[in-house]
Each structure stands twice: as C-alpha cells, then as structure tokens.
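> I am attaching a structure below and will ask some questions about it afterwards.
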Amino acid sequence: MKDSLTLTPNTSAWIRQHQLGAGTFGSVAKVINHETQQITAVKYIRPNKNYEEDGEIPSTAVREVHILKELNHPNIIRLLYVDFNPDDDNILLYLECMVIDLKRYINALNHEESYTYQLLSGIEYIHSRRILHRDLKPHNILIDYAGILKLADFGLARYYHTTDRTLTHEVATLRYRAPEVLLNAPTYSMAIDVWSFGCIFAEMCTKKALFFGESEIEQLYKIFQLLGTPTVELWSELSECLYYQTLFPKWTENKLGFEMPKLNMTDSQINFLKVILIYSPKRRPMANQLLKHPYFTYPMCVEKEIRPNATVIDRAIREQQRKMINA
Ligand SMILES: Nc1ncnc2c1ncn2[C@@H]1O[C@H](COP(=O)(O)OP(=O)(O)OP(=O)(O)O)[C@@H](O)[C@H]1O
Ligand SMILES: [Mg+2]
C-alpha cells in the first residue's frame with residue numbers, strides 16, 4: 001500500500017480547517033499541513049459498533065481503500081494515504097481535496113455537457129477495470145474550482161464477475177437505483193451505474209431528481225410512468241426478476257419526449273437520455289459507447305470554459321457549515 005502513496009504523513013503537522021461533509025460512517029474534513037502547506041481532505045471512518053465485530057474495520061472502508069488504491073484517473077478521487085488512530089479506532093483516509101459535491105452545486109451548474117463527459121469518463125475508466133461503483137449520486141460526485149469533476153465514495157464499490165450470483169440488492173440510493181435492482185433480478189452488472197448516470201445527467205439538465213420515489217414500489221412506478229411499464233418484448237429477462245408481477249399497472253408509452261421539454265431539456269439532451277434509459281440491462285449502452293454519442297460536441301465538451309461560479313460555491317459551503325454547526 002505504502003508504495004503508491006504520495007503523501008508523507010506526519011499526523012501532528014496536520015491542522016483541521018473545517019468540515020467538508022458527513023456520511024454514514026463518519027465525517028470528512030479539510031486539513032492543511034502547516035509544514036508543507038499541503039491541503040487534503042480526511043475522511044474519518046469510525047468502526048460501526050452495531051454492525052461490526054468489536055474493533056473490526058467496517059467493510060465499506062476496506063472496499064474503499066482496496067479499490068481506490070488501484071485507481072488513477074483524472075475523474076476519480078485520489079487516495080493519498082491511509083492512517084489509523086488507536087485512540088478512537090478511527091480509520092483516516094487522506095484524499096485529494098475537492099471543493100463541493102454536485103448535490104450542493106447542481107442548481108447553479110451550467111455547462112452540463114462537460115461535467116457529463118467527465119462523469120462518464122470516470123465511469124468508463126472503472127468499468128474498464130471491471131469495477132462497479134454501485135452508489136453513483138450527486139452527493140458522491142465532487143467538483144473543484146477549476147471545473148474538474150471526480151467520482152468519490154467507493155464504499156459500496158466491488159469487482160464484477162460475470163458468474164456472480166450473490167450480489168447484494170442493497171445498492172444505490174433509491175432515486176438512482178436501476179430497475180433490475182428494484183425488481184430483484186438474479187444478477188446485475190455495470191449497467192446499474194449507467195442507469196444512475198442517466199438519472200444524474202437528467203438532474204444536471206433540469207435541476208430536479210428524475211425519479212423521486214419514497215419507497216421501492218413508488219420508485220418503480222415513477223419509472224414506469226415516464227418510460228412505460230416494461231414488457232418481456234423490451235426486456236427478455238424481465239420474468240426472471242423476483243419482484244416482477246404481470247399485474248403491475250400498464251403505462252404504455254415512453255413519455256420522455258413529451259415530459260422532458262416541459263423541464264427545459266433540449267432535444268439533444270432528450271435524445272441522449274433516451275439512449276441511456278433502456279430497461280434491458282443487456283441492451284443499455286456501456287459507458288465507452290455513450291462517450292461516442294453525438295450529444296458530446298467535440299472539442300466543446302472537453303475544452304470549453306467550465307469554471308464553476310466561485311460565489312455560488314462559497315455560499316453553498318457557508319450554508320453547509322452553518323447546517324453542521326446547528327446539527
Ligand atoms: N475529497 C473530498 N473533498 C471534498 N469534499 C469531500 C471529499 N470527500 C467527501 N467529501 C464530502 O463529504 C461527503 C461525504 O463523503 P463520502 O460520501 O465519501 O462519505 P460516506 O460516509 O461514504 O457517505 P455516504 O455513505 O453517506 O454516502 C461528500 O458528500 C462530500 O460532500
Ligand atoms: Mg457518500
């Protein structure tokens with residue numbers, strides 16, 4: 001592990017600046033090294049006494065470290081160093097420091113084409129290494145002042161094997177969860193990340209979650225209402241899904257072309273979304289195919305001035321800090 005590290009830790013030299021975020025297993029803070037002035041983000045992961053054996057490292061931390069240390073791509077967060085604090089049993093992941101997550105920036109975001117391209121590039125890179133992220137959502141996507149986007153939070157990620165039939169269905173936040181997961185298909189693949197990507201893309205364009213269900217069944221029905229209830233003609237493995245019922249209400253039409261213009265999506269955005277949100281996981285395009293879609297107008301999608309609005313970012317950061325102080 002130490003070979004791949006680029007940070008020389010001297011724990012006492014790091015001064016905590018402020019909290020960047022909080023998650024299920026701990027918090028993330030910005031820290032500065034007062035000797036080198038290097039800035040990093042530290043993710044503190046506390047052992048979860050409810051679920052893990054006493055003193056055992058949470059499985060999400062093991063996954064995150066194991067996978068992140070293998071990855072090196074401009075659109076994937078870099079893991080710089082891993083440390084352990086014996087006083088509180090916290091595991092400390094030193095990560096390159098970003099400015100804001102997409103969730104908090106999305107309302108002010110423009111140039112969604114460039115961010116979409118970067119997001120897809122990160123997904124294509126992990127999929128080419130047969131890694132599933134399994135929790136793609138705006139909270140887990142980070143942005144910096146230069147307009148660079150990176151995938152983060154690999155706590156649910158895992159390597160994919162075609163023969164795997166023991167994959168958990170407790171993946172992806174409801175709004176971004178693929179229909180094959182919601183319907184409990186016998187297995188799933190990279191296509192689940194592509195579905196989440198489609199939902200995030202739509203949200204970047206419209207500033208609204210595409211499918212907003214409060215329960216698994218409501219989430220499914222929201223999908224069916226927009227895309228039409230799936231049929232075995234469209235998705236041949238549908239009947240193998242444990243939760244599939246022939247008695248599901250039948251919405252017959254795909255209404256993307258009708259509903260999305262009302263949310264100000266352009267024709268080219270809608271055409272791209274239609275290509276992504278395919279029910280059959282086998283027919284859903286892969287990230288490398290989507291990168292070649294004409295929605296991306298080269299070289300615009302990679303070269304255009306995409307610097308985020310610093311005032312908006314700083315306001316969002318202040319808002320976040322206020323919430324954390326009041327929490
Ligand atoms: N490297 C980073 N730079 C800047 N902010 C970060 C960084 N890593 C995480 N954050 C912030 O901290 C939040 C939580 O981080 P992360 O998603 O990795 O934790 P988590 O405990 O796995 O979260 P959850 O399980 O709730 O999704 C992110 O949504 C983001 O706002
Ligand atoms: Mg997270």
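Every chain in the structure tokens takes a letter, A first, then B, and so on in the order presented; its residues are numbered from 1, and the ligands are numbered from 1 following the presented order.
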Taking the DSSP secondary structure from the backbone, can you list the residues of segment 33-132 of chain A that are strand (DSSP E), as a list in words?

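Going through segment 33-132 of chain A, the strand (DSSP E) residues come out as Asn33, Ile39, Thr40, Ala41, Val42, Lys43, Tyr44, Ile45, Leu79, Leu80, Tyr81, Val82, Asp83, Phe84, Asn85, Asn90, Ile91, Leu92, Leu93, Tyr94, Leu95, Ile100, Asp101, Ile131 and Leu132 of chain A.
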
> Could you turn the residues from that selection into a file that holds N, CA and C atoms, as an mmCIF file, in the first residue's frame?


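As a result, again_32.cif now contains:
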```
data_model
loop_
_atom_site.group_PDB
_atom_site.id
_atom_site.type_symbol
_atom_site.label_atom_id
_atom_site.label_comp_id
_atom_site.auth_asym_id
_atom_site.auth_seq_id
_atom_site.Cartn_x
_atom_site.Cartn_y
_atom_site.Cartn_z
ATOM 1 N N ASN A 33 -1.392 20.920 6.051
ATOM 2 C CA ASN A 33 -0.127 20.578 6.692
ATOM 3 C C ASN A 33 0.637 21.873 6.931
ATOM 4 N N ILE A 39 -2.741 20.732 1.221
ATOM 5 C CA ILE A 39 -4.135 20.639 1.673
ATOM 6 C C ILE A 39 -4.695 19.293 1.232
ATOM 7 N N THR A 40 -5.367 18.600 2.121
ATOM 8 C CA THR A 40 -6.049 17.356 1.726
ATOM 9 C C THR A 40 -7.398 17.274 2.444
ATOM 10 N N ALA A 41 -8.178 16.313 2.002
ATOM 11 C CA ALA A 41 -9.421 16.013 2.718
ATOM 12 C C ALA A 41 -9.173 14.738 3.510
ATOM 13 N N VAL A 42 -9.656 14.692 4.737
ATOM 14 C CA VAL A 42 -9.521 13.465 5.526
ATOM 15 C C VAL A 42 -10.904 12.919 5.817
ATOM 16 N N LYS A 43 -11.098 11.682 5.422
ATOM 17 C CA LYS A 43 -12.371 11.017 5.721
ATOM 18 C C LYS A 43 -12.145 10.157 6.959
ATOM 19 N N TYR A 44 -12.840 10.492 8.028
ATOM 20 C CA TYR A 44 -12.717 9.749 9.292
ATOM 21 C C TYR A 44 -13.791 8.665 9.296
ATOM 22 N N ILE A 45 -13.367 7.431 9.363
ATOM 23 C CA ILE A 45 -14.350 6.343 9.384
ATOM 24 C C ILE A 45 -14.285 5.670 10.748
ATOM 25 N N LEU A 79 -6.713 8.572 -3.621
ATOM 26 C CA LEU A 79 -6.430 8.231 -2.225
ATOM 27 C C LEU A 79 -4.929 8.424 -2.017
ATOM 28 N N LEU A 80 -4.580 9.281 -1.047
ATOM 29 C CA LEU A 80 -3.169 9.609 -0.864
ATOM 30 C C LEU A 80 -2.514 8.791 0.238
ATOM 31 N N TYR A 81 -3.268 8.509 1.277
ATOM 32 C CA TYR A 81 -2.669 7.812 2.408
ATOM 33 C C TYR A 81 -3.765 7.272 3.332
ATOM 34 N N VAL A 82 -3.448 6.199 4.022
ATOM 35 C CA VAL A 82 -4.414 5.652 4.987
ATOM 36 C C VAL A 82 -3.742 5.618 6.356
ATOM 37 N N ASP A 83 -4.446 6.068 7.355
ATOM 38 C CA ASP A 83 -3.877 6.087 8.704
ATOM 39 C C ASP A 83 -4.903 5.518 9.689
ATOM 40 N N PHE A 84 -4.439 5.216 10.872
ATOM 41 C CA PHE A 84 -5.331 4.654 11.885
ATOM 42 C C PHE A 84 -5.078 5.386 13.193
ATOM 43 N N ASN A 85 -6.136 5.797 13.851
ATOM 44 C CA ASN A 85 -5.988 6.477 15.134
ATOM 45 C C ASN A 85 -6.391 5.513 16.249
ATOM 46 N N ASN A 90 -10.573 5.253 14.824
ATOM 47 C CA ASN A 90 -10.951 5.795 13.512
ATOM 48 C C ASN A 90 -9.927 5.424 12.449
ATOM 49 N N ILE A 91 -10.427 5.147 11.250
ATOM 50 C CA ILE A 91 -9.539 4.987 10.105
ATOM 51 C C ILE A 91 -9.582 6.309 9.357
ATOM 52 N N LEU A 92 -8.423 6.797 8.956
ATOM 53 C CA LEU A 92 -8.354 8.094 8.289
ATOM 54 C C LEU A 92 -7.922 7.885 6.839
ATOM 55 N N LEU A 93 -8.791 8.269 5.912
ATOM 56 C CA LEU A 93 -8.411 8.223 4.506
ATOM 57 C C LEU A 93 -8.037 9.634 4.085
ATOM 58 N N TYR A 94 -6.784 9.829 3.698
ATOM 59 C CA TYR A 94 -6.356 11.134 3.169
ATOM 60 C C TYR A 94 -6.628 11.124 1.668
ATOM 61 N N LEU A 95 -7.498 12.044 1.248
ATOM 62 C CA LEU A 95 -7.919 12.092 -0.153
ATOM 63 C C LEU A 95 -7.562 13.451 -0.744
ATOM 64 N N ILE A 100 -16.580 21.042 -3.568
ATOM 65 C CA ILE A 100 -18.014 20.915 -3.289
ATOM 66 C C ILE A 100 -18.524 19.650 -3.955
ATOM 67 N N ASP A 101 -19.614 19.090 -3.416
ATOM 68 C CA ASP A 101 -20.192 17.947 -4.135
ATOM 69 C C ASP A 101 -21.293 18.443 -5.075
ATOM 70 N N ILE A 131 -14.887 -2.702 -12.329
ATOM 71 C CA ILE A 131 -15.325 -2.238 -11.010
ATOM 72 C C ILE A 131 -16.696 -1.591 -11.149
ATOM 73 N N LEU A 132 -17.602 -1.988 -10.268
ATOM 74 C CA LEU A 132 -18.923 -1.352 -10.181
ATOM 75 C C LEU A 132 -18.867 -0.338 -9.041
#
```

> Could you give me, as a ChimeraX atom specification, every polymer residue with an atom at most 7 Å away from an atom of ligand 1, counting only C-alpha atoms and all ligand atoms?

/A:20-28,41,43,77,95-101,139-140,142,152-153,155

> With C-alpha atoms retained, could you export that selection as a CSV table (one decimal), in the first residue's frame?


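Final output, saved to out07.csv:
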```csv
chain,number,residue,atom,x,y,z
A,20,LEU,CA,-16.4,19.3,4.2
A,21,GLY,CA,-19.2,16.8,4.6
A,22,ALA,CA,-20.6,14.0,6.7
A,23,GLY,CA,-21.6,10.5,5.7
A,24,THR,CA,-22.9,7.3,7.1
A,25,PHE,CA,-19.7,6.1,8.7
A,26,GLY,CA,-18.1,9.4,9.8
A,27,SER,CA,-17.1,12.8,8.6
A,28,VAL,CA,-14.8,14.5,6.0
A,41,ALA,CA,-9.4,16.0,2.7
A,43,LYS,CA,-12.4,11.0,5.7
A,77,ILE,CA,-10.7,10.9,-6.4
A,95,LEU,CA,-7.9,12.1,-0.2
A,96,GLU,CA,-7.2,14.8,-2.6
A,97,CYS,CA,-9.3,17.8,-1.6
A,98,MET,CA,-12.2,19.0,-3.7
A,99,VAL,CA,-14.4,22.0,-3.2
A,100,ILE,CA,-18.0,20.9,-3.3
A,101,ASP,CA,-20.2,17.9,-4.1
A,139,HIS,CA,-23.5,13.6,-3.2
A,140,ASN,CA,-20.7,11.2,-4.3
A,142,LEU,CA,-17.1,16.1,-6.4
A,152,ALA,CA,-15.8,9.6,-4.9
A,153,ASP,CA,-17.2,7.4,-2.1
A,155,GLY,CA,-17.6,2.4,0.0
```

> When you draw a straight line from atom CA of Met190 of chain A to atom CA of Ala287 of chain A, how long is it in Å?

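Separating atom CA of Met190 of chain A from atom CA of Ala287 of chain A is a distance of 8.8 Å.
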
> Would you kindly return, as a PyMOL selection string, each protein, DNA or RNA residue with an atom no farther than 8 Å from any atom of segment 58-63 of chain A, considering only C-alpha atoms and excluding same-chain residues fewer than 4 positions away?

chain A and resi 45-48+52+67+91+154-158

> Please give the complete set of residues from segment 146-194 of chain A that DSSP, run on the backbone, assigns to alpha helix (DSSP H), formatted as a list in words.

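Those residues are Pro179, Glu180, Val181, Leu182, Ala191, Ile192, Asp193 and Val194 of chain A.
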
> Find the distance between atom CA of Tyr117 of chain A and atom CA of Asn288 of chain A and write it in Å to one decimal.

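These two atoms are separated by 10.9 Å.
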
> What is the atom CA of Leu263 of chain A to atom CA of Lys207 of chain A distance in Å?

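Going from atom CA of Leu263 of chain A over to atom CA of Lys207 of chain A, I get 8.8 Å.
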
> Which residues are close to Phe224 of chain A, i.e. within 10 Å by only C-alpha atoms, leaving aside same-chain residues fewer than 3 positions away? Reply as a list in words.

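Near Phe224 of chain A, the qualifying residues are Pro179, Phe211, Glu218, Gln219, Leu220, Tyr221, Leu227, Gly228, Thr229, Pro230, Phe248, Pro249, Lys250, Trp251, Thr252, Glu253, Asn254, Lys255 and Tyr279 of chain A.
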
> Selection from above, N, CA and C atoms, as an mmCIF file, in the first residue's frame, can you write it?


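Everything below was put into out18.cif:
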```
data_model
loop_
_atom_site.group_PDB
_atom_site.id
_atom_site.type_symbol
_atom_site.label_atom_id
_atom_site.label_comp_id
_atom_site.auth_asym_id
_atom_site.auth_seq_id
_atom_site.Cartn_x
_atom_site.Cartn_y
_atom_site.Cartn_z
ATOM 1 N N PRO A 179 -33.782 -0.321 -12.545
ATOM 2 C CA PRO A 179 -34.976 -1.165 -12.423
ATOM 3 C C PRO A 179 -34.648 -2.635 -12.140
ATOM 4 N N PHE A 211 -36.491 10.601 -11.070
ATOM 5 C CA PHE A 211 -37.467 9.677 -10.471
ATOM 6 C C PHE A 211 -37.400 9.861 -8.964
ATOM 7 N N GLU A 218 -42.889 2.711 -5.160
ATOM 8 C CA GLU A 218 -43.208 4.029 -5.722
ATOM 9 C C GLU A 218 -42.127 4.436 -6.733
ATOM 10 N N GLN A 219 -40.886 4.092 -6.411
ATOM 11 C CA GLN A 219 -39.783 4.407 -7.328
ATOM 12 C C GLN A 219 -39.984 3.691 -8.672
ATOM 13 N N LEU A 220 -40.361 2.420 -8.594
ATOM 14 C CA LEU A 220 -40.617 1.655 -9.826
ATOM 15 C C LEU A 220 -41.743 2.279 -10.636
ATOM 16 N N TYR A 221 -42.809 2.640 -9.950
ATOM 17 C CA TYR A 221 -43.961 3.215 -10.655
ATOM 18 C C TYR A 221 -43.621 4.564 -11.284
ATOM 19 N N LEU A 227 -41.414 5.997 -18.523
ATOM 20 C CA LEU A 227 -40.832 5.220 -19.637
ATOM 21 C C LEU A 227 -41.776 4.143 -20.173
ATOM 22 N N GLY A 228 -42.934 3.997 -19.531
ATOM 23 C CA GLY A 228 -43.837 2.900 -19.887
ATOM 24 C C GLY A 228 -43.484 1.668 -19.049
ATOM 25 N N THR A 229 -44.490 0.876 -18.705
ATOM 26 C CA THR A 229 -44.232 -0.356 -17.932
ATOM 27 C C THR A 229 -43.444 -1.326 -18.829
ATOM 28 N N PRO A 230 -42.357 -1.904 -18.319
ATOM 29 C CA PRO A 230 -41.551 -2.778 -19.189
ATOM 30 C C PRO A 230 -42.294 -4.055 -19.562
ATOM 31 N N PHE A 248 -48.611 -5.625 -12.580
ATOM 32 C CA PHE A 248 -48.200 -4.224 -12.455
ATOM 33 C C PHE A 248 -49.099 -3.353 -13.341
ATOM 34 N N PRO A 249 -49.429 -2.132 -12.885
ATOM 35 C CA PRO A 249 -50.213 -1.244 -13.759
ATOM 36 C C PRO A 249 -49.492 -1.060 -15.095
ATOM 37 N N LYS A 250 -50.267 -0.942 -16.164
ATOM 38 C CA LYS A 250 -49.654 -0.838 -17.508
ATOM 39 C C LYS A 250 -49.685 0.611 -17.996
ATOM 40 N N TRP A 251 -48.541 1.255 -17.914
ATOM 41 C CA TRP A 251 -48.383 2.543 -18.588
ATOM 42 C C TRP A 251 -47.753 2.208 -19.938
ATOM 43 N N THR A 252 -48.396 2.586 -21.000
ATOM 44 C CA THR A 252 -47.999 2.027 -22.298
ATOM 45 C C THR A 252 -46.945 2.840 -23.045
ATOM 46 N N GLU A 253 -46.841 4.131 -22.718
ATOM 47 C CA GLU A 253 -45.977 4.978 -23.557
ATOM 48 C C GLU A 253 -44.679 5.374 -22.878
ATOM 49 N N ASN A 254 -43.660 5.589 -23.684
ATOM 50 C CA ASN A 254 -42.460 6.266 -23.200
ATOM 51 C C ASN A 254 -42.695 7.766 -23.402
ATOM 52 N N LYS A 255 -42.790 8.492 -22.270
ATOM 53 C CA LYS A 255 -43.180 9.908 -22.349
ATOM 54 C C LYS A 255 -41.995 10.871 -22.231
ATOM 55 N N TYR A 279 -34.521 -0.233 -20.536
ATOM 56 C CA TYR A 279 -34.855 -1.188 -19.470
ATOM 57 C C TYR A 279 -33.899 -2.384 -19.434
#
```

> For Phe272 of chain A, please output as an MDAnalysis selection string all residues within 12 Å (counting only C-alpha atoms; exclusion window: fewer than 2 positions along the same chain).

chainID A and resid 113 116 197:199 201:202 205 256:257 260 265:270 274:278 285 289:296

> Keeping only N, CA and C atoms, write the selected residues as a compact mmCIF listing (two decimals), in the first residue's frame.


```txt
# COMPACT_ATOMS: atom_id res chain seq x y z
N GLU A 113 -22.69 19.69 -20.21
CA GLU A 113 -22.08 18.78 -21.19
C GLU A 113 -20.67 18.36 -20.75
N THR A 116 -20.93 16.15 -17.67
CA THR A 116 -21.46 14.85 -18.08
C THR A 116 -20.34 14.01 -18.70
N PHE A 197 -26.14 7.01 -13.88
CA PHE A 197 -25.57 8.11 -14.68
C PHE A 197 -26.68 8.85 -15.44
N GLY A 198 -27.60 8.10 -16.05
CA GLY A 198 -28.70 8.73 -16.80
C GLY A 198 -29.54 9.63 -15.89
N CYS A 199 -29.82 9.13 -14.68
CA CYS A 199 -30.63 9.92 -13.73
C CYS A 199 -29.89 11.20 -13.33
N PHE A 201 -27.54 12.72 -15.08
CA PHE A 201 -27.47 13.60 -16.26
C PHE A 201 -28.76 14.42 -16.36
N ALA A 202 -29.91 13.74 -16.24
CA ALA A 202 -31.19 14.45 -16.33
C ALA A 202 -31.29 15.51 -15.23
N CYS A 205 -29.43 18.59 -15.99
CA CYS A 205 -30.10 19.42 -17.00
C CYS A 205 -31.32 20.14 -16.42
N LEU A 256 -40.78 10.33 -22.35
CA LEU A 256 -39.61 11.22 -22.19
C LEU A 256 -39.68 12.41 -23.14
N GLY A 257 -40.01 12.12 -24.41
CA GLY A 257 -40.04 13.17 -25.43
C GLY A 257 -41.13 14.20 -25.17
N MET A 260 -40.02 15.81 -20.86
CA MET A 260 -38.76 16.49 -20.56
C MET A 260 -38.66 17.91 -21.13
N MET A 265 -35.47 20.57 -20.99
CA MET A 265 -34.40 19.78 -21.60
C MET A 265 -34.43 20.02 -23.11
N THR A 266 -33.26 20.14 -23.71
CA THR A 266 -33.20 20.37 -25.15
C THR A 266 -33.39 19.03 -25.89
N ASP A 267 -33.63 19.13 -27.20
CA ASP A 267 -33.80 17.90 -27.99
C ASP A 267 -32.57 17.01 -27.91
N SER A 268 -31.39 17.60 -27.97
CA SER A 268 -30.19 16.75 -27.98
C SER A 268 -30.00 16.09 -26.61
N GLN A 269 -30.36 16.80 -25.54
CA GLN A 269 -30.28 16.19 -24.20
C GLN A 269 -31.29 15.04 -24.09
N ILE A 270 -32.50 15.27 -24.60
CA ILE A 270 -33.54 14.22 -24.51
C ILE A 270 -33.15 13.01 -25.34
N LYS A 274 -32.72 9.26 -23.83
CA LYS A 274 -33.49 8.12 -24.35
C LYS A 274 -32.58 6.92 -24.62
N VAL A 275 -31.38 7.21 -25.07
CA VAL A 275 -30.42 6.14 -25.38
C VAL A 275 -29.91 5.47 -24.10
N ILE A 276 -29.84 6.25 -23.02
CA ILE A 276 -29.28 5.71 -21.76
C ILE A 276 -30.31 4.87 -21.01
N LEU A 277 -31.53 5.40 -20.89
CA LEU A 277 -32.52 4.77 -20.01
C LEU A 277 -33.25 3.63 -20.73
N ILE A 278 -32.52 2.58 -21.00
CA ILE A 278 -33.07 1.40 -21.64
C ILE A 278 -33.33 0.36 -20.54
N PRO A 285 -26.67 0.87 -23.23
CA PRO A 285 -25.30 1.05 -23.72
C PRO A 285 -24.29 1.12 -22.57
N GLN A 289 -19.43 3.29 -25.00
CA GLN A 289 -20.27 3.57 -26.18
C GLN A 289 -20.89 4.97 -26.05
N LEU A 290 -21.34 5.30 -24.84
CA LEU A 290 -22.00 6.59 -24.65
C LEU A 290 -21.04 7.77 -24.87
N LEU A 291 -19.77 7.55 -24.57
CA LEU A 291 -18.79 8.63 -24.77
C LEU A 291 -18.70 9.04 -26.23
N LYS A 292 -19.11 8.11 -27.13
CA LYS A 292 -19.03 8.43 -28.57
C LYS A 292 -20.35 9.00 -29.10
N HIS A 293 -21.32 9.21 -28.22
CA HIS A 293 -22.64 9.69 -28.68
C HIS A 293 -22.53 11.13 -29.19
N PRO A 294 -23.29 11.45 -30.27
CA PRO A 294 -23.20 12.82 -30.83
C PRO A 294 -23.65 13.92 -29.88
N TYR A 295 -24.26 13.56 -28.74
CA TYR A 295 -24.58 14.60 -27.75
C TYR A 295 -23.31 15.39 -27.39
N PHE A 296 -22.19 14.68 -27.33
CA PHE A 296 -20.93 15.35 -26.99
C PHE A 296 -20.36 16.00 -28.24
```

> Segment 143-146 of chain A: which residues within 12 Å, counting only C-alpha atoms, same-chain residues fewer than 4 positions away excluded, as a PyMOL selection string?

chain A and resi 74-77+96-106+109+114-115+118-119+138-139+150-152+304-314

> Pick out the residues sitting within 12 Å of Phe212 of chain A, and hand them over as a PDB file with N, CA and C atoms, in the first residue's frame; count only C-alpha atoms, and ignore anything fewer than 4 positions along from it in its own chain.


```pdb
ATOM      1  N   THR A 173     -28.678   4.640  -3.937  1.00  0.00           N
ATOM      2  CA  THR A 173     -29.745   5.419  -3.319  1.00  0.00           C
ATOM      3  C   THR A 173     -30.976   5.326  -4.223  1.00  0.00           C
ATOM      4  N   LEU A 174     -32.137   5.207  -3.600  1.00  0.00           N
ATOM      5  CA  LEU A 174     -33.390   4.897  -4.309  1.00  0.00           C
ATOM      6  C   LEU A 174     -33.569   5.642  -5.638  1.00  0.00           C
ATOM      7  N   ARG A 175     -33.354   6.945  -5.631  1.00  0.00           N
ATOM      8  CA  ARG A 175     -33.625   7.748  -6.834  1.00  0.00           C
ATOM      9  C   ARG A 175     -32.756   7.364  -8.025  1.00  0.00           C
ATOM     10  N   TYR A 176     -31.618   6.759  -7.735  1.00  0.00           N
ATOM     11  CA  TYR A 176     -30.653   6.448  -8.808  1.00  0.00           C
ATOM     12  C   TYR A 176     -30.557   4.942  -9.035  1.00  0.00           C
ATOM     13  N   ARG A 177     -31.489   4.195  -8.424  1.00  0.00           N
ATOM     14  CA  ARG A 177     -31.401   2.723  -8.453  1.00  0.00           C
ATOM     15  C   ARG A 177     -32.024   2.172  -9.733  1.00  0.00           C
ATOM     16  N   CYS A 199     -29.823   9.129 -14.683  1.00  0.00           N
ATOM     17  CA  CYS A 199     -30.632   9.924 -13.732  1.00  0.00           C
ATOM     18  C   CYS A 199     -29.887  11.204 -13.333  1.00  0.00           C
ATOM     19  N   GLU A 203     -30.817  15.149 -14.035  1.00  0.00           N
ATOM     20  CA  GLU A 203     -30.893  16.085 -12.903  1.00  0.00           C
ATOM     21  C   GLU A 203     -29.997  17.301 -13.139  1.00  0.00           C
ATOM     22  N   LYS A 208     -33.818  18.840 -11.201  1.00  0.00           N
ATOM     23  CA  LYS A 208     -34.817  18.075 -10.412  1.00  0.00           C
ATOM     24  C   LYS A 208     -34.476  16.606 -10.514  1.00  0.00           C
ATOM     25  N   GLU A 216     -39.593   1.599  -2.597  1.00  0.00           N
ATOM     26  CA  GLU A 216     -39.129   0.885  -3.795  1.00  0.00           C
ATOM     27  C   GLU A 216     -40.242   0.782  -4.832  1.00  0.00           C
ATOM     28  N   ILE A 217     -41.458   0.495  -4.385  1.00  0.00           N
ATOM     29  CA  ILE A 217     -42.542   0.322  -5.347  1.00  0.00           C
ATOM     30  C   ILE A 217     -42.913   1.665  -5.981  1.00  0.00           C
ATOM     31  N   GLU A 218     -42.889   2.711  -5.160  1.00  0.00           N
ATOM     32  CA  GLU A 218     -43.208   4.029  -5.722  1.00  0.00           C
ATOM     33  C   GLU A 218     -42.127   4.436  -6.733  1.00  0.00           C
ATOM     34  N   GLN A 219     -40.886   4.092  -6.411  1.00  0.00           N
ATOM     35  CA  GLN A 219     -39.783   4.407  -7.328  1.00  0.00           C
ATOM     36  C   GLN A 219     -39.984   3.691  -8.672  1.00  0.00           C
ATOM     37  N   LEU A 220     -40.361   2.420  -8.594  1.00  0.00           N
ATOM     38  CA  LEU A 220     -40.617   1.655  -9.826  1.00  0.00           C
ATOM     39  C   LEU A 220     -41.743   2.279 -10.636  1.00  0.00           C
ATOM     40  N   TYR A 221     -42.809   2.640  -9.950  1.00  0.00           N
ATOM     41  CA  TYR A 221     -43.961   3.215 -10.655  1.00  0.00           C
ATOM     42  C   TYR A 221     -43.621   4.564 -11.284  1.00  0.00           C
ATOM     43  N   LYS A 222     -42.763   5.335 -10.618  1.00  0.00           N
ATOM     44  CA  LYS A 222     -42.341   6.623 -11.212  1.00  0.00           C
ATOM     45  C   LYS A 222     -41.606   6.344 -12.525  1.00  0.00           C
ATOM     46  N   ILE A 223     -40.772   5.304 -12.507  1.00  0.00           N
ATOM     47  CA  ILE A 223     -40.029   4.947 -13.731  1.00  0.00           C
ATOM     48  C   ILE A 223     -41.016   4.486 -14.806  1.00  0.00           C
ATOM     49  N   GLN A 225     -44.130   5.150 -15.118  1.00  0.00           N
ATOM     50  CA  GLN A 225     -45.000   6.228 -15.607  1.00  0.00           C
ATOM     51  C   GLN A 225     -44.312   7.048 -16.694  1.00  0.00           C
ATOM     52  N   LEU A 226     -43.007   7.228 -16.553  1.00  0.00           N
ATOM     53  CA  LEU A 226     -42.300   8.034 -17.555  1.00  0.00           C
ATOM     54  C   LEU A 226     -41.878   7.213 -18.775  1.00  0.00           C
TER      55      LEU A 226
END
```
